Amino acid sequence: MSEITLRVTLNRVPMELRAEAGKSLLRILREDLGMTSVKEGCGQGDCGACVVVLDGEAVNSCLVLAAQADGGEITTLEGLALQGVLHPLQRAFSEMWAFQCGFCAPGMLMSAYALLLHTPSPTRDEIEEAIEGNLCRCTSYRAVIEAIDAAAGEQRRGGLAAGAPDA
Amino acid sequence: MPLLVSSGAGVSPPERPMPELEVVGHPAAAVRAHEIVTGRALYTRDLGIPGTLVGRLLYTPIPCGRIRRLDVRAARRLPGVTAILTAADVPGENSYLYSIPDQPLLAFDFVRFQGEALAAVAAENEEVAARALEAIEVELEPLPGVYDVLEAMRPGAMQVWPDRPNVHSRLVIERGQVDRGFARADVVIENQYLTPWVEHAFLETEAALAMLDNTGTVVVYSPGQSPHRDRRQIARALGLPEVRVRVITPAIGGAFGGKDEAHVQIHAALLAQATSRPVLIERSREESIRTHVKRHPVQVRYRTGALRDGRLTAIHVEAIGDTGPYLGAGAEIMACLAATVFGPYRVPAARIEACTVLTNNPVCGAMRGFGIPQGQFACELQMDDLARRLGIDPLEVRLRNGLETGDEIPTGVRMRQAGGMKGCLIEAARLAGWDRRREIERAPAPHLRRGWGMASILFTVGMGRNVPDFAGASLDMALDGTVSLRTGASDMGQGAHTALAQLAAEALGVPLESVRVVAPDTDQAPNAGPAAASRTTFVSGNAVLRAAEPIRHTLLQIASEKTGLPLNVLGLRGGRLIAEGETLSLNVAELAREAALQSRGLHADGFYAMEYPEPHPPDAYPYAYSVFTFATQVARVLVDVETGQIKVEEIVAVQDAGQVVNPAAALGQVEGGCAMGIGYALLEELIVHEGRTLNNSLEGYLVPTVRDVPPIRARLLEYPEPFAPYGAKGIGESSLTPTAPAIANAVADAIGVPIRRLPITPERVLDALERGEDGRVR
C-alpha cells in the first residue's frame with residue numbers, strides 16, 4: 001500500500017504525517033495521533049461511535065480514507081474544550097446523564113457539535129436527524145436530546161465565556 | 001423530596017415520609033462523567049502498552065463437525081508470528097463458562113456451534129495475524145447438526161453430545177391442586193408463545209489486554225461484569241493459583257449480561273503466558289455477534305384457568321429453551337424463568353416445567369432479564385386474553401389477582417414487600433389516563449388503528465437461594481477526610497459506582513465529591529460477585545454500609561473524646577461534625593488526622609451475604625428468590641393496517657425501586673430499559689439458519705435509533721425493601737421486562753388480534769390481520 005504525506009489541522013493544530021493512503025481516518029486518529037476518544041463500534045459506518053468533525057461536517061471516521069482527509073480540518077472530542085473550559089455540550093451531557101456506559105458519547109457529542117456549528121437553534125427534529133446515525137444501547141436518547149437542546153440554549157446566551165473551568 | 005420534572009418523570013413516596021437522607025435519593029452526576037465527556041475515559045482498547053502483540057482467534061467455518069486435522073506448523077513459521085496455540089497448548093483446564101464450564105477454550109475433537117475457536121494467534125501486527133489465520137490448515141468433516149429445539153427433544157434425535165441427552169434438564173415447580181384448579185375454572189385459555197434469539201449489541205465489542213508483571217503475575221485488563229470469577233477461570237485455564245492472576249476492569253462500553261461470561265480474557269492470558277509479551281485481542285462486530293452468548297429463544301405453552309370474576313384458579317406452563325451446545329448458565333436461566341413465570345399474581349395452583357435443551361445453535365446465556373422477560377411476555381399476554389374473554393378491563397383483572405405482602409408464590413416463598421405490585425399498576429394507569437383511553441380516537445385515519453396495552457411484572461433481585469450471593473467492599477479514609485471505595489463490582493454504565501459512592505457518602509456523612517471509586521481490580525478490591533441479577537445496589541450496597549460503620553464509629557468516638565459530648569448525640573453530615581442537628585467546628589479531616597495521631601485505622605472491609613431469615617418450606621423450589629421489584633408499563637401504539645407498521649406513541653413506565661439512590665440515574669435505567677424493550681418488541685431478532693447467524697452486523701441486526709424511541713413518561717415508586725441499604729434495590733433489568741408485552745397488548749387492542757411471537761414485525765401484523773384470532777384465513 002502506498003504511503004502519502006498527510007497535511008491536516010487536528011483540533012486547531014496544523015500537522016503533517018506519513019500514512020498509508022488506504023488507512024482509515026479512524027485508525028490514523030487512534031493509532032498514529034493518540035486520539036482515543038474516537039471509538040470503533042462496528043468499522044462499517046453503522047453505529048456512529050467514531051464520528052469526528054471534518055471540515056465542519058460530522059463523518060464516520062471509519063469510512064474516511066487517509067487520502068480523503070488530506071488538507072482537512074478535523075475536530076475530535078479532545079478538541080472540544082477550549083483552554084480547559086468545557087463546551088456547553090460537554091457540561092450538559094455530564095449534568096444530564098446523556099450517556100450511561102459512555103462509549104457512544106464521543107461520537108454523539110461530535111454529531112451534536114457539527115449540528116450546532118450550522119444550526120444554533122435546532123428543532124427537536126433537527127436534533128434527532130443529527131444523531132440518527134449514532135447508536136446508544138443504554139439510554140432512551142431522551143437525555144441526549146435534552147442535553148443538546150440545553151447546550152444550544154446556553155451557547156446562544158454566550159455559553160463558552162460562561163464555562164466552568166475544566167477541573 | 002427529589003422530583004424530576006423532565007418528560008413528566010418523577011419520584012413519589014407512596015406510603016411514608018422520606019427519611020432525612022443527604023446524598024441518597026438526590027440526583028448526582030456519574031462518578032466518571034468528566035472523563036467520559038472529555039474523551040479521557042479509558043476502555044480496554046485505549047490502553048496502549050509498547051510492544052503489544054495482536055491476538056486473534058481462528059473460528060470454525062462450519063457450525064457442526066469433527067476436526068480431522070488442525071495443522072499450525074506452516075503458520076508458526078511465518079515471520080512475525082510469535083505464538084499459535086491449539087487445545088494441546090492449554091496448560092490447565094481447556095474449558096470455560098460459569099455454572100457449568102463445558103465450552104472448550106480451543107476445540108479439539110468436534111466443533112459444536114458457529115462461535116467455536118480452533119486456535120489462538122499472537123503476531124507482531126494485524127497483517128501478519130491475518131496471514132497466520134489463513135495459513136492454519138483445518139480439515140473438518142461436516143456433521144448434520146441439531147438445529148430445531150423440538151426435533152432435538154424427540155426420542156432418537158441426533159445427539160449434540162454422544163454421552164449427554166439433548167434435554168439437559170426439566171425443572172418442575174408443582175404447588176397446590178392443579179387439576180382441581182382447572183376443574184373449578186369457569187374459563188380456561190391456552191396459548192403458545194415464541195421469543196427470538198437476541199443480541200446484546202453493546203457498543204464496545206469484547207477485548208482483553210493481557211501481560212505479565214514484574215512478579216510474573218498474569219495481568220488482564222478487560223471489560224467484564226465479574227472480575228473475580230474471570231480471575232478464577234483464567235487461573236484454572238493457565239494452571240496457576242488464583243493470586244497469580246490479576247484482573248483489572250477499565251471503563252466498560254455496555255454489557256447487559258453479555259460480558260458476564262468470560263469472552264477473550266482467557267485466550268489473551270494464554271497468549272501472554274506463552275509469549276511473555278503483552279497481547280491484545282479485540283473482537284470485530286462480526287466476531288462478537290457470532291461468538292458470545294445470546295438471550296434464549298423460548299417456546300412457552302401457557303394454560304390459565306380462572307373464575308368468571310377473573311380470579312385465577314390454576315396455571316400450567318411448559319417452557320422450552322434452546323441453549324445451544326454448551327450449558328454455562330443456561331439451566332439457571334430457565335430456572336429463573338420458571339421461578340417467575342406466574343407473574344405478580346396470586347396463583348392458587350401451578351405446574352411449571354422448564355426444559356433446557358441442547359442444540360447446535362448459538363450458545364445462550366445471560367442477557368438483561370435472565371429468562372424473566374420471556375416468561376413475563378407469555379404471562380402478560382395471557383392476562384389480557386383472560387380480560388378479553390371475560391369482558392373485564394385489563395387493569396381490573398390484574399388488580400383482582402395482584403400479589404400482596406405476605407402472599408405465598410408457587411416457589412414456596414412469602415412476599416416480603418409487594419406494595420409495588422398494585423402501587424405501580426394504579427400509578428401507571430393514572431399517568432396514562434387508562435380510564436379515559438376510549439375518549440381518544442381509535443381510528444384517526446382509515447388505515448390507522450390506535451391501541452392501548454399494559455403489562456405488569458415481577459422481577460427478582462439477587463441470585464436466589466441456591467447460589468452463593470455475597471459481596472465485599474473496602475473503604476479507606478485519607479488524612480484529609482476523602483475516601484477510597486474499593487469494590488469488585490463492575491460499572492458497565494448502569495451507574496453502580498455512582499450509587500455505591502452515594503451510599504458510602506451517606507453512611508460516612510461526607511460529601512459525595514469526597515468519595516473516589518477505584519475501578520475493580522482483583523489485587524485491591526474484595527470479591528463482589530457478578531454485576532448481574534440486579535443485585536449490586538442491594539448486596540454490594542450493604543457491604544459498603546458495613547465497611548462504613550466502624551470508620552464512622554471511630555470518627556465519632558474521637559469526636560466524643562475531643563468535645564466531651566456523649567457519643568449518641570453526635571453525627572456526621574457533609575463532612576462536618578453535628579450534635580443534635582447543630583453543626584460543630586470539627587470536621588472529618590480534623591478527626592481523620594486525630595485518628596492517625598492515635599494510630600486508629602480508618603480502613604475497613606465490609607461483607608454482606610443475602611439473608612433468608614424466613615422459614616423455607618422443605619418442598620420449596622430450590623432456585624427460589626426472596627426479593628422482588630415490580631413494574632407496570634402502559635404503551636400506546638398506532639398500527640397502519642395497510643403496511644403493518646407500528647408506531648409506539650408513548651410509554652408510561654412506573655417502577656418500584658425500594659428507595660431511589662440516584663433519581664437521574666434510575667430514570668435513565670428505566671427509560672433505557674424501555675428502549676431496549678421496544679427493540680425486543682418490534683425490531684430485534686437474530687436470524688439463525690442451520691446454526692449460522694445471518695445478520696452479523698449492526699446493519700442487519702437492528703437496535704433502536706433515536707427515531708424508534710417515543711416519549712417515555714417514567715416514574716419511580718419507593719416501597720422500602722427489608723434488609724436492603726436504606727431500602728434500595730436494583731431496577732436495571734426489571735425496567736426492560738414489561739415493555740414488549742405492553743406493546744404486544746396494545747397492538748392486539750388496536751387490531752383485535754393478539755400476536756404471540758416476538759418481534760412483532762409488519763409482516764406478522766399483516767399475517768395476523770389476514771388470519772384473525774382463531775388462526776384461520778379470513
# chains A, B, ... in the order shown; residues from 1 in each chain; ligands from 1
$ closest_atom_pairs --of "chain A" --to "chain B" --cutoff "7 Å" --atoms "only C-alpha atoms" --output "CSV"
residue,atom,partner,partner_atom,distance
A:Thr36,CA,B:Asp46,CA,5.9
A:Ser37,CA,B:Gly39,CA,4.4
A:Gly41,CA,B:Leu203,CA,5.4
A:Cys42,CA,B:Arg285,CA,5.3
A:Asp46,CA,B:Leu698,CA,5.8
A:Leu77,CA,B:Gly39,CA,5.9
A:Glu78,CA,B:Gly39,CA,6.1
A:Gln90,CA,B:Val37,CA,5.3
A:Phe93,CA,B:Val37,CA,6.9
A:Ser94,CA,B:Ala33,CA,5.2
A:Glu95,CA,B:Ala29,CA,5.6
A:Trp97,CA,B:Ala29,CA,6.7
A:Gln100,CA,B:Gly493,CA,4.3
A:Cys101,CA,B:Gly493,CA,3.5
A:Gly102,CA,B:Ile36,CA,5.8
A:Phe103,CA,B:Gly253,CA,5.0
A:Cys104,CA,B:Leu203,CA,7.0
A:Ala105,CA,B:Val37,CA,6.8
A:Pro106,CA,B:Gly39,CA,6.2
A:Glu128,CA,B:Val706,CA,6.2
A:Glu132,CA,B:Val706,CA,5.8
A:Leu135,CA,B:Thr705,CA,5.9
A:Arg137,CA,B:Phe202,CA,6.3
A:Cys138,CA,B:Gly672,CA,5.3
A:Thr139,CA,B:Gly672,CA,4.1
A:Ser140,CA,B:Gly672,CA,4.6
A:Tyr141,CA,B:Val706,CA,5.9
$ write_last_selection --atoms "N, CA and C atoms" --output "mmCIF file, in the first residue's frame"
data_model
loop_
_atom_site.group_PDB
_atom_site.id
_atom_site.type_symbol
_atom_site.label_atom_id
_atom_site.label_comp_id
_atom_site.auth_asym_id
_atom_site.auth_seq_id
_atom_site.Cartn_x
_atom_site.Cartn_y
_atom_site.Cartn_z
ATOM 1 N N THR A 36 -7.758 8.810 21.417
ATOM 2 C CA THR A 36 -8.502 7.600 21.793
ATOM 3 C C THR A 36 -9.966 7.877 22.141
ATOM 4 N N SER A 37 -10.368 9.142 22.092
ATOM 5 C CA SER A 37 -11.812 9.390 22.268
ATOM 6 C C SER A 37 -12.590 8.828 21.092
ATOM 7 N N GLY A 41 -16.982 1.004 16.910
ATOM 8 C CA GLY A 41 -18.055 0.126 17.370
ATOM 9 C C GLY A 41 -18.434 -0.917 16.344
ATOM 10 N N CYS A 42 -18.117 -0.636 15.057
ATOM 11 C CA CYS A 42 -18.520 -1.613 14.034
ATOM 12 C C CYS A 42 -17.563 -1.622 12.849
ATOM 13 N N ASP A 46 -22.109 1.831 10.732
ATOM 14 C CA ASP A 46 -23.468 1.550 11.217
ATOM 15 C C ASP A 46 -23.783 2.169 12.575
ATOM 16 N N LEU A 77 -13.253 14.875 20.018
ATOM 17 C CA LEU A 77 -13.723 15.291 21.344
ATOM 18 C C LEU A 77 -12.594 15.912 22.175
ATOM 19 N N GLU A 78 -11.354 15.467 21.929
ATOM 20 C CA GLU A 78 -10.220 16.041 22.666
ATOM 21 C C GLU A 78 -10.107 17.544 22.419
ATOM 22 N N GLN A 90 -20.542 19.471 26.491
ATOM 23 C CA GLN A 90 -19.900 18.561 27.438
ATOM 24 C C GLN A 90 -20.498 18.721 28.831
ATOM 25 N N PHE A 93 -24.073 17.186 28.754
ATOM 26 C CA PHE A 93 -24.031 15.714 28.741
ATOM 27 C C PHE A 93 -23.680 15.179 30.135
ATOM 28 N N SER A 94 -22.741 15.847 30.788
ATOM 29 C CA SER A 94 -22.292 15.399 32.094
ATOM 30 C C SER A 94 -23.382 15.569 33.142
ATOM 31 N N GLU A 95 -24.016 16.731 33.150
ATOM 32 C CA GLU A 95 -25.002 17.018 34.202
ATOM 33 C C GLU A 95 -26.305 16.264 33.998
ATOM 34 N N TRP A 97 -26.897 13.214 32.484
ATOM 35 C CA TRP A 97 -26.825 11.762 32.252
ATOM 36 C C TRP A 97 -27.187 11.431 30.794
ATOM 37 N N GLN A 100 -24.667 6.493 29.499
ATOM 38 C CA GLN A 100 -24.525 5.601 30.652
ATOM 39 C C GLN A 100 -23.152 4.940 30.621
ATOM 40 N N CYS A 101 -22.919 4.060 29.622
ATOM 41 C CA CYS A 101 -21.583 3.448 29.576
ATOM 42 C C CYS A 101 -20.555 4.409 29.007
ATOM 43 N N GLY A 102 -21.001 5.378 28.218
ATOM 44 C CA GLY A 102 -20.102 6.410 27.726
ATOM 45 C C GLY A 102 -19.436 6.107 26.399
ATOM 46 N N PHE A 103 -19.604 4.903 25.882
ATOM 47 C CA PHE A 103 -18.872 4.531 24.673
ATOM 48 C C PHE A 103 -19.396 5.274 23.440
ATOM 49 N N CYS A 104 -20.673 5.594 23.418
ATOM 50 C CA CYS A 104 -21.231 6.329 22.278
ATOM 51 C C CYS A 104 -21.064 7.824 22.440
ATOM 52 N N ALA A 105 -20.696 8.275 23.655
ATOM 53 C CA ALA A 105 -20.711 9.712 23.947
ATOM 54 C C ALA A 105 -19.796 10.543 23.037
ATOM 55 N N PRO A 106 -18.551 10.104 22.761
ATOM 56 C CA PRO A 106 -17.717 10.942 21.893
ATOM 57 C C PRO A 106 -18.338 11.179 20.510
ATOM 58 N N GLU A 128 -32.787 15.192 16.331
ATOM 59 C CA GLU A 128 -32.927 13.751 16.064
ATOM 60 C C GLU A 128 -32.230 13.362 14.761
ATOM 61 N N GLU A 132 -29.217 10.579 14.359
ATOM 62 C CA GLU A 132 -29.875 9.375 13.850
ATOM 63 C C GLU A 132 -28.874 8.237 13.599
ATOM 64 N N LEU A 135 -25.772 5.208 17.416
ATOM 65 C CA LEU A 135 -26.499 4.264 18.257
ATOM 66 C C LEU A 135 -26.083 4.428 19.711
ATOM 67 N N ARG A 137 -26.977 2.133 23.138
ATOM 68 C CA ARG A 137 -27.688 0.937 23.574
ATOM 69 C C ARG A 137 -28.139 1.063 25.033
ATOM 70 N N CYS A 138 -27.688 2.141 25.713
ATOM 71 C CA CYS A 138 -28.010 2.251 27.146
ATOM 72 C C CYS A 138 -29.211 3.149 27.423
ATOM 73 N N THR A 139 -29.248 4.332 26.799
ATOM 74 C CA THR A 139 -30.269 5.306 27.155
ATOM 75 C C THR A 139 -31.449 5.199 26.198
ATOM 76 N N SER A 140 -32.448 6.043 26.440
ATOM 77 C CA SER A 140 -33.593 6.120 25.531
ATOM 78 C C SER A 140 -33.419 7.288 24.557
ATOM 79 N N TYR A 141 -32.254 7.919 24.561
ATOM 80 C CA TYR A 141 -31.914 9.108 23.760
ATOM 81 C C TYR A 141 -32.568 10.376 24.316
#
$ residues_around --residues "Ala130 of chain A" --least-positions-apart "5" --cutoff "8 Å" --atoms "only C-alpha atoms" --output "PyMOL selection string"
chain A and resi 111-112+115
$ write_last_selection --atoms "N, CA and C atoms" --output "PDB file, in the first residue's frame"
ATOM      1  N   SER A 111     -21.372  14.643  16.721  1.00  0.00           N
ATOM      2  CA  SER A 111     -22.518  14.864  15.835  1.00  0.00           C
ATOM      3  C   SER A 111     -23.279  16.113  16.283  1.00  0.00           C
ATOM      4  N   ALA A 112     -23.438  16.246  17.593  1.00  0.00           N
ATOM      5  CA  ALA A 112     -24.151  17.404  18.134  1.00  0.00           C
ATOM      6  C   ALA A 112     -23.364  18.693  17.884  1.00  0.00           C
ATOM      7  N   LEU A 115     -23.822  19.784  14.399  1.00  0.00           N
ATOM      8  CA  LEU A 115     -25.160  20.359  14.246  1.00  0.00           C
ATOM      9  C   LEU A 115     -25.173  21.818  14.691  1.00  0.00           C
TER      10      LEU A 115
END
$ residues_around --residues "segment 48-54 of chain A" --least-positions-apart "2" --cutoff "7 Å" --atoms "only C-alpha atoms" --output "CSV table (one decimal) with N, CA and C atoms, in the first residue's frame"
chain,number,residue,atom,x,y,z
A,26,LEU,N,-10.2,6.8,11.1
A,26,LEU,CA,-10.3,6.3,12.5
A,26,LEU,C,-9.0,5.7,13.0
A,38,VAL,N,-11.9,8.7,19.9
A,38,VAL,CA,-12.6,8.2,18.7
A,38,VAL,C,-12.8,6.7,18.9
A,39,LYS,N,-14.0,6.2,19.0
A,39,LYS,CA,-14.3,4.8,19.3
A,39,LYS,C,-14.7,4.0,18.0
A,40,GLU,N,-14.3,2.8,18.0
A,40,GLU,CA,-14.7,1.9,16.9
A,40,GLU,C,-15.8,0.9,17.5
A,41,GLY,N,-17.0,1.0,16.9
A,41,GLY,CA,-18.1,0.1,17.4
A,41,GLY,C,-18.4,-0.9,16.3
A,45,GLY,N,-19.6,2.0,9.6
A,45,GLY,CA,-20.5,3.1,9.5
A,45,GLY,C,-21.9,2.9,9.9
A,46,ASP,N,-22.1,1.8,10.7
A,46,ASP,CA,-23.5,1.6,11.2
A,46,ASP,C,-23.8,2.2,12.6
A,56,GLY,N,-16.1,20.8,9.2
A,56,GLY,CA,-17.4,21.3,9.6
A,56,GLY,C,-18.6,20.3,9.5
A,57,GLU,N,-18.3,19.1,9.0
A,57,GLU,CA,-19.3,18.1,8.9
A,57,GLU,C,-19.0,16.8,9.8
A,58,ALA,N,-20.1,16.3,10.3
A,58,ALA,CA,-19.9,15.0,11.1
A,58,ALA,C,-19.7,13.9,10.1
A,59,VAL,N,-18.6,13.1,10.3
A,59,VAL,CA,-18.4,12.0,9.5
A,59,VAL,C,-18.0,10.7,10.3
A,60,ASN,N,-18.4,9.6,9.8
A,60,ASN,CA,-17.9,8.3,10.4
A,60,ASN,C,-16.5,8.2,10.0
A,61,SER,N,-15.6,8.3,10.9
A,61,SER,CA,-14.1,8.3,10.5
A,61,SER,C,-13.7,6.9,10.1
A,62,CYS,N,-14.5,5.9,10.3
A,62,CYS,CA,-14.1,4.6,9.9
A,62,CYS,C,-14.3,4.5,8.3
A,72,GLY,N,-7.6,18.5,5.3
A,72,GLY,CA,-8.8,18.8,6.1
A,72,GLY,C,-8.6,19.3,7.5
A,73,GLU,N,-9.7,19.9,8.0
A,73,GLU,CA,-9.6,20.4,9.4
A,73,GLU,C,-10.5,19.4,10.2
A,74,ILE,N,-9.8,18.8,11.2
A,74,ILE,CA,-10.5,17.7,12.0
A,74,ILE,C,-10.7,18.2,13.4
A,75,THR,N,-11.9,18.0,14.0
A,75,THR,CA,-12.1,18.2,15.4
A,75,THR,C,-12.5,16.8,16.0
A,76,THR,N,-11.9,16.4,17.1
A,76,THR,CA,-12.3,15.3,17.8
A,76,THR,C,-12.7,15.8,19.2
A,104,CYS,N,-20.7,5.6,23.4
A,104,CYS,CA,-21.2,6.3,22.3
A,104,CYS,C,-21.1,7.8,22.4
A,106,PRO,N,-18.6,10.1,22.8
A,106,PRO,CA,-17.7,10.9,21.9
A,106,PRO,C,-18.3,11.2,20.5
A,107,GLY,N,-18.9,10.1,19.9
A,107,GLY,CA,-19.5,10.3,18.6
A,107,GLY,C,-20.7,11.1,18.7
A,110,MET,N,-19.8,14.7,19.0
A,110,MET,CA,-19.3,15.3,17.8
A,110,MET,C,-20.4,15.6,16.8
A,111,SER,N,-21.4,14.6,16.7
A,111,SER,CA,-22.5,14.9,15.8
A,111,SER,C,-23.3,16.1,16.3
A,114,ALA,N,-21.3,19.3,15.4
A,114,ALA,CA,-21.4,19.7,14.0
A,114,ALA,C,-22.8,20.3,13.8
A,133,GLY,N,-27.7,8.6,13.2
A,133,GLY,CA,-26.7,7.6,12.9
A,133,GLY,C,-25.8,7.2,14.1
A,134,ASN,N,-26.1,7.7,15.3
A,134,ASN,CA,-25.4,7.4,16.5
A,134,ASN,C,-26.2,6.5,17.3
A,135,LEU,N,-25.8,5.2,17.4
A,135,LEU,CA,-26.5,4.3,18.3
A,135,LEU,C,-26.1,4.4,19.7
$ select_by_dssp --residues "segment 59-147 of chain A" --states "strand (DSSP E or B)" --output "JSON, numbers by chain"
{"A": [59, 60, 65, 73, 74, 75, 82, 85]}
$ write_last_selection --atoms "N, CA and C atoms" --output "PDB file, in the first residue's frame"
ATOM      1  N   VAL A  59     -18.638  13.117  10.346  1.00  0.00           N
ATOM      2  CA  VAL A  59     -18.392  11.968   9.461  1.00  0.00           C
ATOM      3  C   VAL A  59     -18.046  10.745  10.313  1.00  0.00           C
ATOM      4  N   ASN A  60     -18.392   9.575   9.798  1.00  0.00           N
ATOM      5  CA  ASN A  60     -17.935   8.337  10.404  1.00  0.00           C
ATOM      6  C   ASN A  60     -16.477   8.165   9.994  1.00  0.00           C
ATOM      7  N   LEU A  65     -10.986   7.607   4.185  1.00  0.00           N
ATOM      8  CA  LEU A  65      -9.612   7.150   3.983  1.00  0.00           C
ATOM      9  C   LEU A  65      -8.648   8.310   4.165  1.00  0.00           C
ATOM     10  N   GLU A  73      -9.686  19.869   8.013  1.00  0.00           N
ATOM     11  CA  GLU A  73      -9.642  20.361   9.379  1.00  0.00           C
ATOM     12  C   GLU A  73     -10.497  19.427  10.229  1.00  0.00           C
ATOM     13  N   ILE A  74      -9.845  18.812  11.209  1.00  0.00           N
ATOM     14  CA  ILE A  74     -10.514  17.748  11.972  1.00  0.00           C
ATOM     15  C   ILE A  74     -10.684  18.187  13.424  1.00  0.00           C
ATOM     16  N   THR A  75     -11.867  17.954  13.953  1.00  0.00           N
ATOM     17  CA  THR A  75     -12.069  18.154  15.392  1.00  0.00           C
ATOM     18  C   THR A  75     -12.534  16.839  15.999  1.00  0.00           C
ATOM     19  N   LEU A  82     -12.080  24.364  25.245  1.00  0.00           N
ATOM     20  CA  LEU A  82     -11.148  25.418  24.848  1.00  0.00           C
ATOM     21  C   LEU A  82     -10.413  25.924  26.074  1.00  0.00           C
ATOM     22  N   VAL A  85     -11.777  25.003  29.298  1.00  0.00           N
ATOM     23  CA  VAL A  85     -13.189  25.297  29.567  1.00  0.00           C
ATOM     24  C   VAL A  85     -14.041  24.323  28.769  1.00  0.00           C
TER      25      VAL A  85
END
$ residues_around --residues "segment 752-769 of chain B" --least-positions-apart "3" --cutoff "6 Å" --atoms "only C-alpha atoms" --output "list in words"
Tyr193, Leu194, Thr195, Gly644, Gln645, Ala681, Leu682, Leu683, Ala748, Asp749, Gly772 and Glu773 of chain B
$ write_last_selection --atoms "C-alpha atoms" --output "mmCIF file, in the first residue's frame"
data_model
loop_
_atom_site.group_PDB
_atom_site.id
_atom_site.type_symbol
_atom_site.label_atom_id
_atom_site.label_comp_id
_atom_site.auth_asym_id
_atom_site.auth_seq_id
_atom_site.Cartn_x
_atom_site.Cartn_y
_atom_site.Cartn_z
ATOM 1 C CA TYR B 193 -45.639 -18.035 22.690
ATOM 2 C CA LEU B 194 -42.370 -17.660 20.823
ATOM 3 C CA THR B 195 -39.465 -15.335 21.542
ATOM 4 C CA GLY B 644 -48.290 -3.422 9.151
ATOM 5 C CA GLN B 645 -46.068 -0.637 10.506
ATOM 6 C CA ALA B 681 -40.939 -5.952 20.859
ATOM 7 C CA LEU B 682 -40.593 -4.670 17.322
ATOM 8 C CA LEU B 683 -37.121 -4.896 15.794
ATOM 9 C CA ALA B 748 -53.812 -6.587 19.981
ATOM 10 C CA ASP B 749 -56.081 -3.825 21.277
ATOM 11 C CA GLY B 772 -57.707 -13.440 12.585
ATOM 12 C CA GLU B 773 -57.781 -14.576 16.195
#
$ residues_around --residues "Ala19 of chain A" --least-positions-apart "2" --cutoff "12 Å" --atoms "only C-alpha atoms" --output "number ranges by chain"
A: 1-8, 16-17, 21-25, 27-29, 31-33, 65-70
$ atom_distance --atom1 "atom CA of Arg552 of chain B" --atom2 "atom CA of Asp521 of chain B"
25.2 Å
$ select_by_dssp --residues "segment 563-746 of chain B" --states "helix (DSSP H, G or I)" --output "number ranges by chain"
B: 563, 567-569, 588-597, 663-683, 725-727, 734-736, 739-746
